[in-house]
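Asks: Provided herewith: start_23.cif, mmCIF, C-alpha atoms.
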data_work
loop_
_atom_site.label_atom_id
_atom_site.label_comp_id
_atom_site.auth_asym_id
_atom_site.auth_seq_id
_atom_site.Cartn_x
_atom_site.Cartn_y
_atom_site.Cartn_z
CA MET J 1 -10.44 13.55 -17.80
CA GLY J 2 -11.40 11.33 -14.96
CA ILE J 3 -14.28 9.37 -13.53
CA MET J 4 -16.26 12.54 -12.78
CA GLN J 5 -16.31 13.32 -16.52
CA THR J 6 -17.80 9.93 -17.48
CA ASP J 7 -20.79 10.10 -19.82
CA ARG J 8 -22.73 7.13 -18.56
CA THR J 9 -25.13 7.42 -21.53
CA LEU J 10 -22.30 6.98 -24.07
CA PRO J 11 -23.15 3.89 -26.18
CA ALA J 12 -19.49 2.78 -26.13
CA ASN J 13 -19.72 2.39 -22.33
CA LYS J 14 -22.64 -0.01 -22.71
CA LEU J 15 -20.79 -1.95 -25.40
CA ILE J 16 -17.62 -2.43 -23.33
CA PHE J 17 -19.66 -3.28 -20.24
CA GLU J 18 -21.41 -6.10 -22.08
CA VAL J 19 -18.46 -7.37 -24.12
CA ARG J 20 -16.53 -8.18 -20.93
CA ARG J 21 -19.42 -10.28 -19.66
CA ASP J 22 -20.24 -12.27 -22.79
CA ALA J 23 -17.90 -14.57 -24.72
CA ALA J 24 -20.12 -14.44 -27.85
CA LEU J 25 -19.91 -10.64 -27.90
CA ARG J 26 -16.13 -10.88 -27.47
CA ALA J 27 -15.98 -13.10 -30.55
CA ARG J 28 -17.92 -10.44 -32.45
CA PHE J 29 -15.65 -7.73 -31.03
CA ARG J 30 -12.77 -9.66 -32.62
CA ASP J 31 -14.43 -10.70 -35.89
CA ASP J 32 -17.06 -8.04 -36.63
CA LEU J 33 -16.26 -4.93 -34.62
CA ASP J 34 -17.89 -2.59 -37.14
CA GLY J 35 -21.19 -4.49 -37.08
CA LEU J 36 -21.11 -4.71 -33.29
CA MET J 37 -20.50 -0.99 -32.93
CA ARG J 38 -23.36 -0.21 -35.31
CA ASP J 39 -25.70 -2.50 -33.36
CA TYR J 40 -24.86 -0.64 -30.14
CA GLY J 41 -25.47 2.74 -31.77
CA LEU J 42 -21.95 4.15 -31.44
CA SER J 43 -21.48 7.49 -33.15
CA VAL J 44 -19.11 7.72 -36.10
CA GLU J 45 -16.63 9.41 -33.77
CA GLU J 46 -16.88 6.63 -31.19
CA GLN J 47 -16.55 3.97 -33.88
CA GLN J 48 -13.40 5.53 -35.29
CA ALA J 49 -11.84 5.96 -31.87
CA LEU J 50 -12.50 2.36 -30.85
CA ARG J 51 -11.38 0.97 -34.21
CA GLU J 52 -8.11 2.90 -33.89
CA ILE J 53 -7.80 2.09 -30.17
CA ASN J 54 -7.62 5.83 -29.62
CA LEU J 55 -7.96 5.65 -25.84
CA GLN J 56 -7.50 9.36 -25.33
CA LYS J 57 -10.33 10.11 -27.73
CA LEU J 58 -12.59 7.53 -26.06
CA SER J 59 -11.78 9.20 -22.76
CA ASP J 60 -12.58 12.64 -24.18
CA LEU J 61 -15.93 11.32 -25.44
CA GLY J 62 -16.84 10.14 -21.93
CA MET J 63 -15.78 6.51 -21.73
CA HIS J 64 -15.33 5.51 -18.10
CA PRO J 65 -11.61 5.48 -17.22
CA TYR J 66 -11.95 1.96 -15.87
CA PHE J 67 -12.80 0.70 -19.34
CA LEU J 68 -9.74 2.25 -21.03
CA PRO J 69 -7.10 -0.28 -19.91
CA GLN J 70 -9.75 -2.95 -20.47
CA VAL J 71 -10.09 -1.86 -24.10
CA ALA J 72 -6.32 -2.27 -24.37
CA ARG J 73 -6.67 -5.77 -22.91
CA LEU J 74 -9.54 -6.67 -25.24
CA PHE J 75 -7.24 -5.96 -28.18
CA LYS J 76 -3.93 -7.18 -26.74
CA GLY J 77 -4.84 -9.87 -24.22
CA ALA J 78 -5.51 -9.72 -20.47
CA GLY J 79 -3.09 -12.34 -19.12
CA TYR J 80 0.12 -11.45 -17.26
CA ASN J 81 -0.75 -7.75 -17.42
CA HIS J 82 2.51 -6.39 -15.93
CA ASN J 83 3.84 -2.95 -16.80
CA ASP J 84 5.79 -4.25 -19.81
CA SER J 85 2.93 -6.36 -21.18
CA GLU J 86 1.60 -5.52 -24.61
CA ALA J 87 -1.70 -4.22 -23.21
CA ALA J 88 -0.01 -2.01 -20.60
CA ARG J 89 2.45 -0.66 -23.14
CA LEU J 90 -0.40 0.14 -25.53
CA TYR J 91 -2.17 2.01 -22.74
CA ALA J 92 0.97 4.00 -21.92
CA ASP J 93 1.54 4.80 -25.58
CA ARG J 94 -1.99 6.07 -26.16
CA MET J 95 -2.84 7.71 -22.86
CA LEU J 96 0.17 9.13 -21.06
CA LYS J 97 1.20 12.64 -21.88
CA MET A 1 -26.96 -13.86 18.77
CA ALA A 2 -24.61 -13.24 15.88
CA GLU A 3 -21.26 -11.74 16.79
CA ILE A 4 -18.83 -9.67 14.73
CA VAL A 5 -15.45 -11.23 15.50
CA SER A 6 -13.24 -9.38 13.03
CA VAL A 7 -13.25 -6.20 10.97
CA ILE A 8 -10.55 -5.87 8.32
CA ALA A 9 -9.84 -3.93 5.15
CA LEU A 10 -7.26 -4.77 2.50
CA ALA A 11 -6.15 -4.18 -1.08
CA HIS A 12 -7.32 -6.51 -3.84
CA ALA A 13 -5.11 -5.46 -6.77
CA PRO A 14 -4.93 -8.16 -9.46
CA GLY A 15 -1.14 -7.89 -9.75
CA ALA A 16 -0.86 -9.70 -6.40
CA THR A 17 -1.97 -12.90 -8.12
CA GLY A 18 -1.50 -11.97 -11.77
CA TRP A 19 2.09 -10.72 -12.01
CA LEU A 20 3.59 -10.63 -8.51
CA ASP A 21 6.83 -12.09 -9.90
CA LYS A 22 7.39 -8.78 -11.71
CA ALA A 23 7.76 -6.95 -8.37
CA PRO A 24 11.19 -6.84 -6.69
CA ALA A 25 11.82 -9.64 -4.23
CA HIS A 26 11.43 -7.45 -1.15
CA GLU A 27 7.99 -6.27 -2.31
CA GLN A 28 6.85 -9.82 -3.09
CA GLU A 29 7.95 -10.94 0.34
CA ALA A 30 6.32 -8.02 2.16
CA ILE A 31 3.02 -8.50 0.32
CA LYS A 32 2.94 -12.24 0.98
CA VAL A 33 3.89 -11.78 4.63
CA GLY A 34 1.30 -8.99 4.98
CA TYR A 35 -1.56 -10.99 3.54
CA GLY A 36 -0.33 -13.94 5.61
CA ARG A 37 -0.51 -11.91 8.81
CA MET A 38 -4.06 -10.91 7.96
CA ALA A 39 -5.00 -14.49 7.15
CA GLY A 40 -3.63 -15.55 10.54
CA ARG A 41 -5.68 -12.95 12.39
CA LEU A 42 -8.80 -13.86 10.45
CA ARG A 43 -8.30 -17.56 11.15
CA ALA A 44 -7.81 -16.84 14.84
CA ALA A 45 -11.19 -15.07 14.91
CA ARG A 46 -12.84 -18.27 13.59
CA PRO A 47 -15.53 -16.62 11.45
CA ASP A 48 -18.39 -18.69 10.03
CA VAL A 49 -19.08 -16.10 7.38
CA ILE A 50 -17.40 -13.06 5.86
CA VAL A 51 -19.60 -10.09 5.02
CA GLY A 52 -17.55 -8.39 2.31
CA ILE A 53 -17.83 -4.88 0.91
CA ALA A 54 -16.00 -4.05 -2.32
CA ASN A 55 -16.11 -2.01 -5.49
CA ASP A 56 -18.12 -3.64 -8.25
CA HIS A 57 -15.62 -2.45 -10.93
CA MET A 58 -18.61 -1.88 -13.23
CA LEU A 59 -18.87 -5.61 -13.85
CA ASN A 60 -22.38 -6.40 -12.62
CA PHE A 61 -24.39 -3.22 -12.98
CA SER A 62 -24.76 -1.69 -16.38
CA VAL A 63 -24.12 2.03 -16.71
CA GLU A 64 -27.89 2.44 -17.02
CA ASN A 65 -28.71 1.41 -13.50
CA VAL A 66 -26.08 1.26 -10.76
CA PRO A 67 -27.00 0.74 -7.11
CA ASP A 68 -24.84 2.17 -4.34
CA TRP A 69 -24.77 -1.26 -2.73
CA CYS A 70 -26.02 -4.68 -3.79
CA VAL A 71 -26.12 -7.61 -1.37
CA GLY A 72 -25.49 -11.07 -2.81
CA ILE A 73 -28.04 -13.50 -1.38
CA ALA A 74 -27.22 -16.70 -3.32
CA ASP A 75 -26.40 -19.97 -1.58
CA ARG A 76 -23.23 -20.42 -3.59
CA TRP A 77 -20.81 -18.22 -5.50
CA HIS A 78 -18.31 -18.91 -8.26
CA GLY A 79 -15.31 -16.99 -9.49
CA PRO A 80 -13.53 -15.51 -11.22
CA SER A 81 -15.75 -14.15 -13.99
CA GLU A 82 -14.69 -15.72 -17.28
CA TRP A 83 -12.92 -12.86 -19.04
CA PHE A 84 -11.02 -11.98 -15.86
CA ARG A 85 -9.54 -15.47 -15.36
CA ASP A 86 -6.33 -14.85 -17.31
CA TRP A 87 -5.90 -11.45 -15.76
CA ILE A 88 -6.32 -12.50 -12.12
CA ASN A 89 -4.63 -15.87 -12.52
CA VAL A 90 -6.25 -17.77 -9.64
CA PRO A 91 -7.85 -21.22 -9.89
CA ASP A 92 -11.60 -21.31 -10.41
CA TYR A 93 -13.32 -21.53 -7.04
CA ALA A 94 -16.69 -21.85 -5.38
CA VAL A 95 -17.61 -20.47 -1.99
CA ALA A 96 -20.78 -20.83 0.05
CA GLY A 97 -23.07 -17.85 0.53
CA ASN A 98 -25.49 -17.20 3.36
CA ARG A 99 -28.95 -16.43 2.05
CA ASP A 100 -30.57 -15.82 5.43
CA LEU A 101 -27.95 -13.31 6.48
CA GLY A 102 -27.96 -11.56 3.09
CA ARG A 103 -31.74 -11.19 3.14
CA THR A 104 -31.66 -10.02 6.75
CA ILE A 105 -29.15 -7.28 5.90
CA VAL A 106 -31.36 -6.03 3.05
CA ARG A 107 -34.60 -6.21 5.05
CA GLU A 108 -33.30 -4.68 8.28
CA CYS A 109 -31.27 -1.93 6.60
CA ALA A 110 -34.45 -0.90 4.77
CA LYS A 111 -36.06 -0.31 8.17
CA ARG A 112 -33.14 2.00 8.96
CA GLY A 113 -33.67 4.01 5.79
CA ILE A 114 -30.86 2.39 3.78
CA ASN A 115 -31.82 1.17 0.34
CA LEU A 116 -29.83 -1.91 -0.69
CA ALA A 117 -30.24 -3.79 -3.95
CA PHE A 118 -29.88 -7.55 -3.77
CA SER A 119 -29.07 -10.26 -6.27
CA GLU A 120 -28.81 -14.01 -6.77
CA LYS A 121 -26.22 -13.47 -9.48
CA LEU A 122 -22.96 -11.56 -9.14
CA GLU A 123 -19.84 -11.97 -11.19
CA PHE A 124 -16.62 -11.83 -9.16
CA ASP A 125 -13.37 -10.29 -10.37
CA ASP A 126 -10.34 -9.23 -8.38
CA ASN A 127 -12.62 -7.69 -5.71
CA TRP A 128 -13.08 -11.08 -3.99
CA SER A 129 -10.83 -13.42 -5.96
CA VAL A 130 -7.56 -11.81 -4.83
CA PRO A 131 -8.24 -11.35 -1.10
CA LEU A 132 -9.90 -14.76 -0.73
CA ASN A 133 -6.93 -16.36 -2.50
CA PHE A 134 -4.69 -15.08 0.29
CA LEU A 135 -7.03 -15.15 3.31
CA THR A 136 -9.12 -18.28 2.79
CA PRO A 137 -7.43 -20.18 -0.06
CA ASP A 138 -9.55 -23.26 0.64
CA HIS A 139 -12.69 -21.13 0.37
CA ASP A 140 -14.01 -22.75 3.51
CA VAL A 141 -15.55 -19.60 5.03
CA ALA A 142 -18.90 -18.49 3.59
CA LEU A 143 -19.19 -15.10 1.91
CA VAL A 144 -21.99 -12.57 1.74
CA PRO A 145 -20.67 -10.26 -0.98
CA ILE A 146 -21.83 -6.65 -0.96
CA HIS A 147 -20.91 -5.01 -4.24
CA MET A 148 -20.58 -1.27 -4.10
CA ASN A 149 -20.40 1.62 -6.55
CA CYS A 150 -17.09 3.30 -5.83
CA VAL A 151 -16.26 4.57 -9.31
CA LEU A 152 -19.29 5.65 -11.33
CA PRO A 153 -20.47 9.12 -10.28
CA PRO A 154 -22.35 9.82 -8.20
CA MET A 155 -20.79 7.53 -5.61
CA PRO A 156 -22.14 7.41 -2.04
CA GLN A 157 -20.49 10.10 0.07
CA PRO A 158 -18.19 9.13 2.97
CA GLU A 159 -20.89 9.99 5.54
CA ARG A 160 -23.31 7.52 3.94
CA CYS A 161 -20.64 4.84 3.79
CA VAL A 162 -19.96 5.17 7.51
CA ALA A 163 -23.69 5.23 8.26
CA PHE A 164 -24.17 2.06 6.24
CA GLY A 165 -21.32 0.42 8.14
CA ARG A 166 -22.96 1.35 11.42
CA ALA A 167 -26.30 -0.05 10.28
CA LEU A 168 -24.61 -3.21 9.03
CA ALA A 169 -22.98 -3.83 12.42
CA GLU A 170 -26.26 -3.21 14.26
CA VAL A 171 -28.20 -5.51 11.96
CA ILE A 172 -25.65 -8.32 12.23
CA LYS A 173 -25.42 -8.01 16.03
CA ALA A 174 -29.20 -8.11 16.34
CA TRP A 175 -29.53 -11.28 14.28
CA PRO A 176 -30.79 -13.99 16.61
CA GLN A 177 -28.67 -16.80 15.14
CA GLU A 178 -25.42 -18.11 16.56
CA LEU A 179 -22.94 -16.97 13.96
CA ARG A 180 -19.41 -15.60 13.98
CA VAL A 181 -19.13 -12.86 11.37
CA ALA A 182 -16.09 -11.13 9.88
CA VAL A 183 -16.57 -7.80 8.10
CA MET A 184 -14.07 -7.40 5.27
CA ALA A 185 -13.69 -4.38 3.01
CA THR A 186 -11.48 -4.75 -0.04
CA GLY A 187 -10.00 -2.20 -2.45
CA GLY A 188 -7.47 0.60 -2.58
CA LEU A 189 -5.10 1.91 -1.64
CA SER A 190 -3.95 4.53 -4.16
CA HIS A 191 -4.17 3.41 -7.77
CA ASP A 192 -5.38 4.92 -11.00
CA PRO A 193 -6.68 2.50 -13.62
CA GLY A 194 -7.57 4.55 -16.69
CA GLY A 195 -5.86 7.73 -15.59
CA GLN A 196 -2.60 9.61 -15.88
CA LYS A 197 -1.22 7.95 -12.72
CA TYR A 198 -1.78 4.39 -13.96
CA PHE A 199 1.89 3.57 -13.39
CA ASP A 200 2.21 5.50 -10.12
CA VAL A 201 1.36 5.01 -6.46
CA ASP A 202 0.65 7.92 -4.10
CA GLU A 203 2.63 6.71 -1.10
CA LYS A 204 2.21 9.99 0.73
CA PHE A 205 -1.58 9.79 0.54
CA ASP A 206 -1.61 6.11 1.49
CA ARG A 207 0.50 6.64 4.61
CA TRP A 208 -1.62 9.63 5.58
CA PHE A 209 -4.80 7.58 5.12
CA LEU A 210 -3.49 4.66 7.18
CA GLU A 211 -2.48 7.05 9.94
CA LEU A 212 -5.91 8.69 9.78
CA LEU A 213 -7.73 5.37 10.24
CA GLY A 214 -5.23 4.42 12.92
CA ALA A 215 -6.18 7.44 15.00
CA GLY A 216 -9.71 6.09 15.42
CA ASP A 217 -11.36 9.51 15.17
CA GLU A 218 -14.43 9.07 12.99
CA ALA A 219 -15.28 12.79 12.95
CA ARG A 220 -11.76 13.59 11.77
CA VAL A 221 -11.99 10.97 9.03
CA LEU A 222 -15.20 12.53 7.77
CA ARG A 223 -13.72 16.02 8.03
CA GLU A 224 -10.50 15.25 6.18
CA LEU A 225 -11.22 12.41 3.77
CA SER A 226 -13.32 13.71 0.89
CA ILE A 227 -14.02 11.98 -2.40
CA GLU A 228 -12.06 14.80 -4.06
CA LYS A 229 -9.03 14.00 -1.92
CA MET A 230 -9.22 10.33 -2.93
CA LEU A 231 -9.62 11.27 -6.61
CA GLY A 232 -6.47 13.36 -6.31
CA ALA A 233 -4.51 10.31 -5.13
CA GLY A 234 -5.47 8.21 -8.17
CA ASP A 235 -8.69 9.04 -9.94
CA GLY A 236 -9.81 5.64 -11.18
CA GLY A 237 -9.26 3.47 -8.14
CA THR A 238 -8.41 5.18 -4.86
CA VAL A 239 -12.11 5.91 -4.27
CA GLU A 240 -12.45 2.19 -3.54
CA LEU A 241 -11.43 3.25 -0.04
CA LEU A 242 -15.09 4.21 0.41
CA ALA A 243 -15.57 0.51 1.11
CA TRP A 244 -13.04 0.81 3.96
CA LEU A 245 -15.26 3.53 5.45
CA VAL A 246 -18.13 1.04 5.60
CA ALA A 247 -15.85 -1.30 7.58
CA MET A 248 -14.74 1.62 9.75
CA GLY A 249 -18.37 2.48 10.50
CA ALA A 250 -18.97 -1.10 11.61
CA ALA A 251 -15.80 -1.09 13.73
CA GLN A 252 -16.63 2.24 15.36
CA THR A 253 -20.04 0.88 16.35
CA LEU A 254 -18.42 -2.09 18.07
CA ALA A 255 -15.43 -0.29 19.59
CA PRO A 256 -15.96 3.48 19.55
CA GLY A 257 -12.77 5.51 19.20
CA ARG A 258 -10.53 2.55 18.52
CA GLY A 259 -8.19 3.03 15.60
CA SER A 260 -7.16 0.44 13.09
CA GLU A 261 -3.84 -1.38 13.15
CA THR A 262 -1.90 -1.34 9.90
CA MET A 263 -0.96 -4.92 9.09
CA PHE A 264 1.17 -4.10 6.06
CA TYR A 265 1.82 -1.46 3.46
CA VAL A 266 3.82 -1.76 0.24
CA PRO A 267 3.70 1.03 -2.37
CA SER A 268 4.11 -1.24 -5.36
CA VAL A 269 4.57 0.41 -8.75
CA PRO A 270 4.95 -2.98 -10.50
CA LEU A 271 1.52 -3.91 -9.11
CA ARG A 272 0.23 -0.39 -9.94
CA CYS A 273 -1.28 -0.11 -6.45
CA GLY A 274 -0.62 0.83 -2.88
CA MET A 275 -0.90 -2.61 -1.29
CA GLY A 276 -1.92 -2.80 2.33
CA GLY A 277 -4.37 -3.88 4.94
CA VAL A 278 -5.68 -2.97 8.37
CA GLU A 279 -7.52 -4.62 11.22
CA TRP A 280 -9.77 -3.09 13.85
CA ALA A 281 -9.54 -4.98 17.14
CA VAL A 282 -13.27 -5.07 17.80
CA CYS A 283 -13.17 -7.92 20.28
CA ALA A 284 -10.18 -6.86 22.39
#
Before anything else, please render the file you have as structure tokens.
Replies:
Amino acid sequence: MGIMQTDRTLPANKLIFEVRRDAALRARFRDDLDGLMRDYGLSVEEQQALREINLQKLSDLGMHPYFLPQVARLFKGAGYNHNDSEAARLYADRMLK
Amino acid sequence: MAEIVSVIALAHAPGATGWLDKAPAHEQEAIKVGYGRMAGRLRAARPDVIVGIANDHMLNFSVENVPDWCVGIADRWHGPSEWFRDWINVPDYAVAGNRDLGRTIVRECAKRGINLAFSEKLEFDDNWSVPLNFLTPDHDVALVPIHMNCVLPPMPQPERCVAFGRALAEVIKAWPQELRVAVMATGGLSHDPGGQKYFDVDEKFDRWFLELLGAGDEARVLRELSIEKMLGAGDGGTVELLAWLVAMGAAQTLAPGRGSETMFYVPSVPLRCGMGGVEWAVCA
């Protein structure tokens, strides 16, 4: 997968786009992810993939590649994002073949 | 009349401010010296305003509606965007805009058949926060930010990027105000956020690309540098070099046939990016 395979109409893309821009939505992402995903109309498949931080599955469904490491950071923190950081390690674990 | 006094392009990877200490000492030094050299050149050109072109990173334009380019016309800008603060690790900053110039670019490019969006509100991430931190750390040079779609297909093709750069240079030069303008593209070089090469840098591509720009042959650039070639060197990020083609188009308008000078290049795996920058000597 890659940027050319992005499904820009995928509801999960809209959700991640907005969550990064809105602190209130980030609080809901943390405290009520299921409700937030329902409100954005994510399919059952998308919901399961995001809940499980299944980055490869999100990619297969058409999430923009740019959002994949950002999903890892939303769950594991964005600060000091070096290659051994928790977010980067999560990305490597879930994405690299 | 306004004058373009500098045309530069440089990487903006967040690791340069966010986790530079994780790079080996020689990389840290080379990156700091490289940005420092570019800051020195920019200072020497004494710009009143920087017209910047950089990837939007899908921060401002929702997937529903993404312009190829969007010119920021506000009087004042603030960064970094809240969620990106921890990641980028630079102090909050404010920088003046230039409404008249921003509006002029939109209005006059329209007359040349180039459709630019414009906005009072743009969130900044590493696209401006990192280069400004190194080049103008006091944020004392105004910025007209032009956010660009480099990563959500369909992106503007290289030919359109160069054509926009040419129009941009013509519009700025024709502006009847006394103003010293720097054109600054940011982004690249090879990197792959969200892809299989996330922890790799394509040094071979980067050195080829820098040599290509250095040769100053616009036709050759357009012949050899396709979007597909950039995708192959790092799918998620290398296409940011489309912004460099806008700067190249501006430079070629001012100094036809003149190549760029590579100011620095560091293939930094710890920063997950080919770090580098170039300058076109448009006034020499």
Asks: Select all residues from chain A having any atom no more than 7 Å from an atom of chain J (counting only C-alpha atoms, ignoring ligands), output as a PyMOL selection string.
Replies: chain A and resi 18-19+22+59+62-63+83+86-87+151-153+193-196+235-236+270
Asks: Which one of J:Ala24, J:Ile53, J:Leu33, J:Leu58 sits closest to Asp93 of chain J if you count all atoms listed in the file?
Replies: J:Ile53
Asks: Just to confirm, what's the straight-line distance from atom CA of Ser129 of chain A to atom CA of Phe29 of chain J in Å (one decimal)?
Replies: 26.2 Å
Asks: Can you work out the spacing between atom CA of Arg46 of chain A and atom CA of Asp138 of chain A in Å, to one decimal?
Replies: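 Those two atoms sit 14.3 Å apart.
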Asks: For each of A:Leu122, A:Ala44, A:Ile172, A:Gly79, take the minimum atom-to-atom distance to Phe61 of chain A, counting all atoms listed in the file, then give the residue where this is smallest.
Replies: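 The closest residue to Phe61 of chain A is A:Leu122.
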Asks: Just to confirm, what's the straight-line distance from atom CA of Val269 of chain A to atom CA of Met230 of chain A in Å (one decimal)?
Replies: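 Interatomic distance, atom CA of Val269 of chain A to atom CA of Met230 of chain A: 18.0 Å.
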Asks: Please list as a list in words every residue within 6 Å of Gly52 of chain A, counting all atoms listed in the file and excluding residues in the same chain fewer than 3 positions away.
Replies: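 Listed by chain and then number, they are Pro145, Ile146, Val183, Met184 and Ala185 of chain A.
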Asks: Under the PyMOL selection byres ((chain A and resi 263) around 12), which residues of this model are included? Write them out as a ChimeraX atom specification.
Replies: /A:8-11,30-42,210,214,260-262,264-266,275-281
Asks: With C-alpha atoms retained, write the just-selected residues as a short mmCIF file (atom, residue, chain, number, x, y, z; two decimals), in the frame of the given file.
Replies:
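The resulting file, out.cif, is shown below:
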data_model
loop_
_atom_site.label_atom_id
_atom_site.label_comp_id
_atom_site.auth_asym_id
_atom_site.auth_seq_id
_atom_site.Cartn_x
_atom_site.Cartn_y
_atom_site.Cartn_z
CA ILE A 8 -10.55 -5.87 8.32
CA ALA A 9 -9.84 -3.93 5.15
CA LEU A 10 -7.26 -4.77 2.50
CA ALA A 11 -6.15 -4.18 -1.08
CA ALA A 30 6.32 -8.02 2.16
CA ILE A 31 3.02 -8.50 0.32
CA LYS A 32 2.94 -12.24 0.98
CA VAL A 33 3.89 -11.78 4.63
CA GLY A 34 1.30 -8.99 4.98
CA TYR A 35 -1.56 -10.99 3.54
CA GLY A 36 -0.33 -13.94 5.61
CA ARG A 37 -0.51 -11.91 8.81
CA MET A 38 -4.06 -10.91 7.96
CA ALA A 39 -5.00 -14.49 7.15
CA GLY A 40 -3.63 -15.55 10.54
CA ARG A 41 -5.68 -12.95 12.39
CA LEU A 42 -8.80 -13.86 10.45
CA LEU A 210 -3.49 4.66 7.18
CA GLY A 214 -5.23 4.42 12.92
CA SER A 260 -7.16 0.44 13.09
CA GLU A 261 -3.84 -1.38 13.15
CA THR A 262 -1.90 -1.34 9.90
CA PHE A 264 1.17 -4.10 6.06
CA TYR A 265 1.82 -1.46 3.46
CA VAL A 266 3.82 -1.76 0.24
CA MET A 275 -0.90 -2.61 -1.29
CA GLY A 276 -1.92 -2.80 2.33
CA GLY A 277 -4.37 -3.88 4.94
CA VAL A 278 -5.68 -2.97 8.37
CA GLU A 279 -7.52 -4.62 11.22
CA TRP A 280 -9.77 -3.09 13.85
CA ALA A 281 -9.54 -4.98 17.14
#
Asks: How would you write as a PyMOL selection string the residues that get within 7 Å of (-13.5, -13.5, 10.6) in the file's frame, counting only C-alpha atoms?
Replies: chain A and resi 5-6+42-43+45-47+49-50+181-183
Asks: Select, from J:Ala72, J:Ala27, J:Leu61, J:Leu90, the residue with the minimum atom-to-atom distance to Ser43 of chain J, counting only C-alpha atoms.
Replies: J:Leu61
Asks: Of the candidates A:Ala167, A:Ala2, A:Glu211, A:Phe84, which one gets nearest to Gly113 of chain A if we count only C-alpha atoms?
Replies: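 Of A:Ala167, A:Ala2, A:Glu211, A:Phe84, the one nearest Gly113 of chain A is A:Ala167, counting only C-alpha atoms.
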Asks: Just so the selection is clear, what residues does the PyMOL selection byres ((chain A and resi 93-98) around 9) cover here, as number ranges by chain?
Replies: A: 49, 72-80, 90-92, 99-103, 129, 138-145
Asks: Identify which of the residues J:Val44, J:Met37, J:Arg51, J:Gly62 lies closest to Phe75 of chain J, counting all atoms listed in the file when measuring atom-to-atom distances.
Replies: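 Looking at the shortest contact to Phe75 of chain J, the residue is J:Arg51.
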